[in-house]
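To start, the structure itself, in structure tokens.
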Amino acid sequence: MSVVPAEADTAAKPDMAVRATAEVSTPAGAVAGAVTGPGSTAAPRPDTDAMAVAPLAPAARLLPALGAVYRAQLSRARVARIPLLFVATFQSIGIMVLMRGVVDGGDAARAVVAGSSVLVVAFVALNLLAQYFGQLRASGGLDHYATLPVPPAAVVLGAAAAYASFTAPGTVVTAVTGCLLFQLPMANLWVLLAVIPLAGAALAGLGAALGLLAPRPELATLCGQLGMSAALLLGVLPASGLPAPLSYARDLLPSTYGVEAMARGFDARPDWLAVLADLGVCAAVGVLSLAVATWAYRRAAVR
């Protein structure tokens with residue numbers, strides 16, 4: 001402290017409260033400069049600009065962040081989406097019951113059962129995920145995710161994986177019911193273990209991209225409904241009965257290759273190379289659609 005003469009002690013007392021208030025409200029750097037004046041015996045404090053900045057916490061890695069987002073989304077979907085999953089399953093079973101009156105068996109029956117099973121995936125992963133991300137963007141919910149130290153890919157992949165996983169019970173129930181309706185073998189239904197995640201990834205990535213790129217949530221809902229309708233019309237109906245333009249459109253739909261892979265499993269001697277080729281196309285489209293959805297998320301989060 002500075003040494004105050006005895007004759008100035010009385011004059012300094014009225015200003016002590018003012019000086020104390022000023023020191024409290026003054027930044028640390030200003031206080032340090034005021035204390036280390038002429039005649040002061042206090043050691044000079046280092047300049048705050050020269051002090052080392054504390055390093056930030058490391059960003060979350062992709063896999064732990066992906067697991068956290070997946071668990072959160074799956075918990076949310078389990079509570080809020082069970083009625084919708086029931087509707088999707090009931091809708092697919094109802095389509096198979098209607099088609100039972102016009103389809104006796106053969107390739108058409110295989111196409112109906114496989115298409116109706118994958119339709120459950122399209123309803124949840126494509127339609128509902130497009131609506132979810134559309135509403136999330138419109139309500140400002142993307143700002144919450146943008147403030148979290150998680151990679152953008154973890155948000156998109158976690159939500160897509162949760163919605164795709166949520167379709168598994170309905171897809172299995174639909175496939176078993178279809179096999180009983182059309183007297184199809186169930187020995188190769190294990191193909192669903194590959195069809196559900198791969199077709200689900202492709203459709204979920206497409207749904208997330210539609211929801212994030214749509215300027216309004218109403219348009220995101222419309223795009224999701226149109227995508228599900230395309231999966232219904234082009235996936236459930238036998239390919240042999242479609243006109244040529246619709247056959248080309250069917251080849252562009254990601255769920256088509258999941259339907260083809262599942263339908264080949266009903267053959268007496270399945271062509272497993274063709275099944276692997278269809279699943280490979282599903283996987284490639286899934287990687288591409290999820291990459292587009294991640295880019296759309298980054299684009300929407302900074303706006």
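Identifiers in the structure tokens: chain A, B, ... in order shown; residue index from 1 per chain; ligand index from 1 in order shown.
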
Any idea what's packed within 9 Å of Pro185 of chain A, counting only C-alpha atoms, ignoring anything in its chain fewer than 2 positions away? Could you give it as JSON, numbers by chain? {"A": [179, 180, 183, 187, 188, 189, 265, 266, 267, 268]}

Test item: residues at most 12 Å from Tyr70 of chain A, only C-alpha atoms, excluding those fewer than 2 positions along its chain, as a ChimeraX atom specification: /A:62-68,72-78,153-166

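Using only C-alpha atoms for every distance, the candidate list A:Pro245, A:Gly106, A:Gly134, A:Pro197 yields A:Gly134 as the residue closest to Ala214 of chain A.
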
Give me the residues near Gly227 of chain A as a compact mmCIF listing (two decimals) with all heavy atoms, in the first residue's frame, where near means some atom within 10 Å (using only C-alpha atoms) and where sequence neighbours in that chain fewer than 5 positions away do not count.
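Dumped everything to selection20.txt:
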# COMPACT_ATOMS: atom_id res chain seq x y z
N ALA A 122 -40.07 -47.15 -44.31
CA ALA A 122 -40.25 -45.88 -45.02
C ALA A 122 -41.16 -44.94 -44.24
O ALA A 122 -40.93 -43.73 -44.20
CB ALA A 122 -40.82 -46.14 -46.41
N PHE A 123 -42.19 -45.48 -43.61
CA PHE A 123 -43.12 -44.63 -42.87
C PHE A 123 -42.43 -43.94 -41.70
O PHE A 123 -42.64 -42.74 -41.46
CB PHE A 123 -44.30 -45.47 -42.36
CG PHE A 123 -45.34 -44.65 -41.64
CD1 PHE A 123 -46.35 -44.03 -42.34
CD2 PHE A 123 -45.32 -44.52 -40.26
CE1 PHE A 123 -47.31 -43.27 -41.69
CE2 PHE A 123 -46.27 -43.77 -39.60
CZ PHE A 123 -47.28 -43.14 -40.32
N LEU A 126 -38.37 -42.40 -43.09
CA LEU A 126 -38.43 -41.34 -44.10
C LEU A 126 -39.45 -40.28 -43.73
O LEU A 126 -39.12 -39.09 -43.61
CB LEU A 126 -38.77 -41.96 -45.46
CG LEU A 126 -39.03 -40.98 -46.62
CD1 LEU A 126 -37.83 -40.09 -46.85
CD2 LEU A 126 -39.37 -41.75 -47.89
N ASN A 127 -40.67 -40.69 -43.51
CA ASN A 127 -41.75 -39.72 -43.29
C ASN A 127 -41.60 -38.99 -41.96
O ASN A 127 -41.58 -37.75 -41.90
CB ASN A 127 -43.09 -40.45 -43.36
CG ASN A 127 -44.27 -39.51 -43.25
OD1 ASN A 127 -44.18 -38.33 -43.53
ND2 ASN A 127 -45.40 -40.04 -42.83
N ALA A 130 -38.36 -36.79 -41.63
CA ALA A 130 -38.48 -35.54 -42.38
C ALA A 130 -39.31 -34.53 -41.58
O ALA A 130 -38.95 -33.34 -41.50
CB ALA A 130 -39.11 -35.80 -43.74
N LEU A 203 -33.17 -44.54 -46.14
CA LEU A 203 -34.41 -43.77 -46.06
C LEU A 203 -34.34 -42.71 -44.97
O LEU A 203 -34.88 -41.61 -45.14
CB LEU A 203 -35.58 -44.73 -45.80
CG LEU A 203 -35.90 -45.70 -46.94
CD1 LEU A 203 -36.96 -46.70 -46.50
CD2 LEU A 203 -36.37 -44.94 -48.17
N LEU A 206 -32.33 -39.82 -46.31
CA LEU A 206 -33.16 -39.06 -47.25
C LEU A 206 -34.19 -38.22 -46.51
O LEU A 206 -34.41 -37.04 -46.84
CB LEU A 206 -33.84 -40.03 -48.22
CG LEU A 206 -34.75 -39.41 -49.29
CD1 LEU A 206 -33.96 -38.45 -50.17
CD2 LEU A 206 -35.40 -40.50 -50.12
N GLY A 207 -34.82 -38.80 -45.49
CA GLY A 207 -35.81 -38.04 -44.73
C GLY A 207 -35.20 -36.88 -43.98
O GLY A 207 -35.77 -35.77 -43.94
N LEU A 210 -34.43 -34.11 -46.49
CA LEU A 210 -35.64 -33.40 -46.90
C LEU A 210 -36.11 -32.44 -45.81
O LEU A 210 -36.52 -31.31 -46.08
CB LEU A 210 -36.74 -34.41 -47.24
CG LEU A 210 -36.53 -35.26 -48.50
CD1 LEU A 210 -37.64 -36.29 -48.63
CD2 LEU A 210 -36.46 -34.38 -49.74
N THR A 221 -43.08 -31.93 -44.28
CA THR A 221 -44.11 -32.95 -44.10
C THR A 221 -44.61 -33.45 -45.45
O THR A 221 -44.81 -34.66 -45.64
CB THR A 221 -45.27 -32.38 -43.28
OG1 THR A 221 -44.78 -31.94 -42.01
CG2 THR A 221 -46.35 -33.42 -43.07
N LEU A 222 -44.81 -32.53 -46.39
CA LEU A 222 -45.28 -32.92 -47.72
C LEU A 222 -44.26 -33.83 -48.43
O LEU A 222 -44.63 -34.85 -49.03
CB LEU A 222 -45.55 -31.67 -48.55
CG LEU A 222 -45.97 -31.90 -50.01
CD1 LEU A 222 -47.29 -32.67 -50.07
CD2 LEU A 222 -46.10 -30.56 -50.74
N LEU A 232 -44.70 -46.86 -51.18
CA LEU A 232 -45.90 -47.71 -51.19
C LEU A 232 -46.23 -48.19 -52.60
O LEU A 232 -46.40 -49.38 -52.86
CB LEU A 232 -47.07 -46.94 -50.59
CG LEU A 232 -48.48 -47.55 -50.76
CD1 LEU A 232 -48.55 -48.90 -50.08
CD2 LEU A 232 -49.53 -46.60 -50.20
N LEU A 253 -35.49 -45.31 -56.29
CA LEU A 253 -35.94 -45.28 -54.90
C LEU A 253 -35.03 -46.14 -54.04
O LEU A 253 -34.78 -47.30 -54.36
CB LEU A 253 -37.38 -45.78 -54.81
CG LEU A 253 -38.14 -45.53 -53.52
CD1 LEU A 253 -38.34 -44.04 -53.30
CD2 LEU A 253 -39.49 -46.24 -53.54

Go through segment 56-300 of chain A and collect every residue that DSSP, computed from the backbone, puts in helix (DSSP H, G or I); the answer should be as a ChimeraX atom specification. /A:62-80,82-100,107-138,141-147,152-166,168-182,189-213,217-236,239-241,244-252,255-264,272-300

For the contact check between segment 160-276 of chain A and segment 290-302 of chain A, emit one row per residue of segment 160-276 of chain A within 6 Å, containing the shortest atom pair and the distance in Å rounded to one decimal, counting only C-alpha atoms, chain then rising number order, as CSV.
residue,atom,partner,partner_atom,distance
A:Gly205,CA,A:Leu290,CA,4.4
A:Ala208,CA,A:Ala293,CA,5.7
A:Ala209,CA,A:Ala293,CA,4.3
A:Leu212,CA,A:Ala296,CA,5.8

Give me a file of those residues, with all heavy atoms, as a PDB file, in the first residue's frame.
ATOM      1  N   GLY A 205     -31.578 -41.136 -43.957  1.00  0.00           N
ATOM      2  CA  GLY A 205     -30.761 -40.047 -44.481  1.00  0.00           C
ATOM      3  C   GLY A 205     -31.527 -39.181 -45.453  1.00  0.00           C
ATOM      4  O   GLY A 205     -31.417 -37.944 -45.440  1.00  0.00           O
ATOM      5  N   ALA A 208     -34.014 -37.088 -43.382  1.00  0.00           N
ATOM      6  CA  ALA A 208     -33.347 -35.989 -42.678  1.00  0.00           C
ATOM      7  C   ALA A 208     -32.951 -34.881 -43.641  1.00  0.00           C
ATOM      8  O   ALA A 208     -33.092 -33.685 -43.325  1.00  0.00           O
ATOM      9  CB  ALA A 208     -32.121 -36.518 -41.945  1.00  0.00           C
ATOM     10  N   ALA A 209     -32.459 -35.237 -44.812  1.00  0.00           N
ATOM     11  CA  ALA A 209     -32.086 -34.221 -45.798  1.00  0.00           C
ATOM     12  C   ALA A 209     -33.297 -33.430 -46.261  1.00  0.00           C
ATOM     13  O   ALA A 209     -33.240 -32.191 -46.398  1.00  0.00           O
ATOM     14  CB  ALA A 209     -31.396 -34.884 -46.995  1.00  0.00           C
ATOM     15  N   LEU A 212     -34.318 -31.001 -43.444  1.00  0.00           N
ATOM     16  CA  LEU A 212     -33.374 -29.903 -43.206  1.00  0.00           C
ATOM     17  C   LEU A 212     -33.299 -28.935 -44.372  1.00  0.00           C
ATOM     18  O   LEU A 212     -32.992 -27.751 -44.182  1.00  0.00           O
ATOM     19  CB  LEU A 212     -31.986 -30.478 -42.922  1.00  0.00           C
ATOM     20  CG  LEU A 212     -31.839 -31.215 -41.593  1.00  0.00           C
ATOM     21  CD1 LEU A 212     -30.525 -31.981 -41.546  1.00  0.00           C
ATOM     22  CD2 LEU A 212     -31.925 -30.247 -40.415  1.00  0.00           C
TER      23      LEU A 212
END
